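One structure below.
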Amino acid sequence: QQTHNKVIRGIHGVCERANSLLKTTFKALRRVSLDPSRITKIAAAALVPLQLEYDRTI
């Protein structure tokens with residue numbers, strides 16, 4: 001259980017950081033009311049220029 005919680009915390013931290021970076025960089029993503037699968041595709045596409053700009057993965 002502790003290992004499981006540690007993994008979940010690690011994933012959660014990365015996701016929160018990516019979400020914050022996306023919302024501060026792309027203001028249009030702050031109030032999106034689309035289907036969750038479409039939001040995922042848009043967010044994945046928006047992460048590409050950020051990764052190229054910062055020259056690292058999230």
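The chains in the structure tokens are called A, B, ... from first to last as shown; in each chain the residues are counted from 1, and the ligands are counted from 1 in the order shown.
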Next on the checklist: I'd like the contact shell of segment 12-29 of chain A - 10 Å cut-off, only C-alpha atoms, skipping same-chain residues fewer than 3 positions apart - returned as a list in words.
Outcome noted: Lys6, Val7, Ile8, Arg9, Val32, Ser33, Ile39, Ile42, Ala43, Ala44, Ala46, Leu47, Leu50, Thr57 and Ile58 of chain A
Next on the checklist: Rounded to one decimal, what separation in Å do you get between atom CA of Arg31 of chain A and atom CA of Leu52 of chain A?
Outcome noted: 24.8 Å
Checklist entry - Which parts of segment 7-54 of chain A does DSSP call alpha helix (DSSP H) when run on the backbone here, written out as a ChimeraX atom specification? => result /A:7-25,36-54
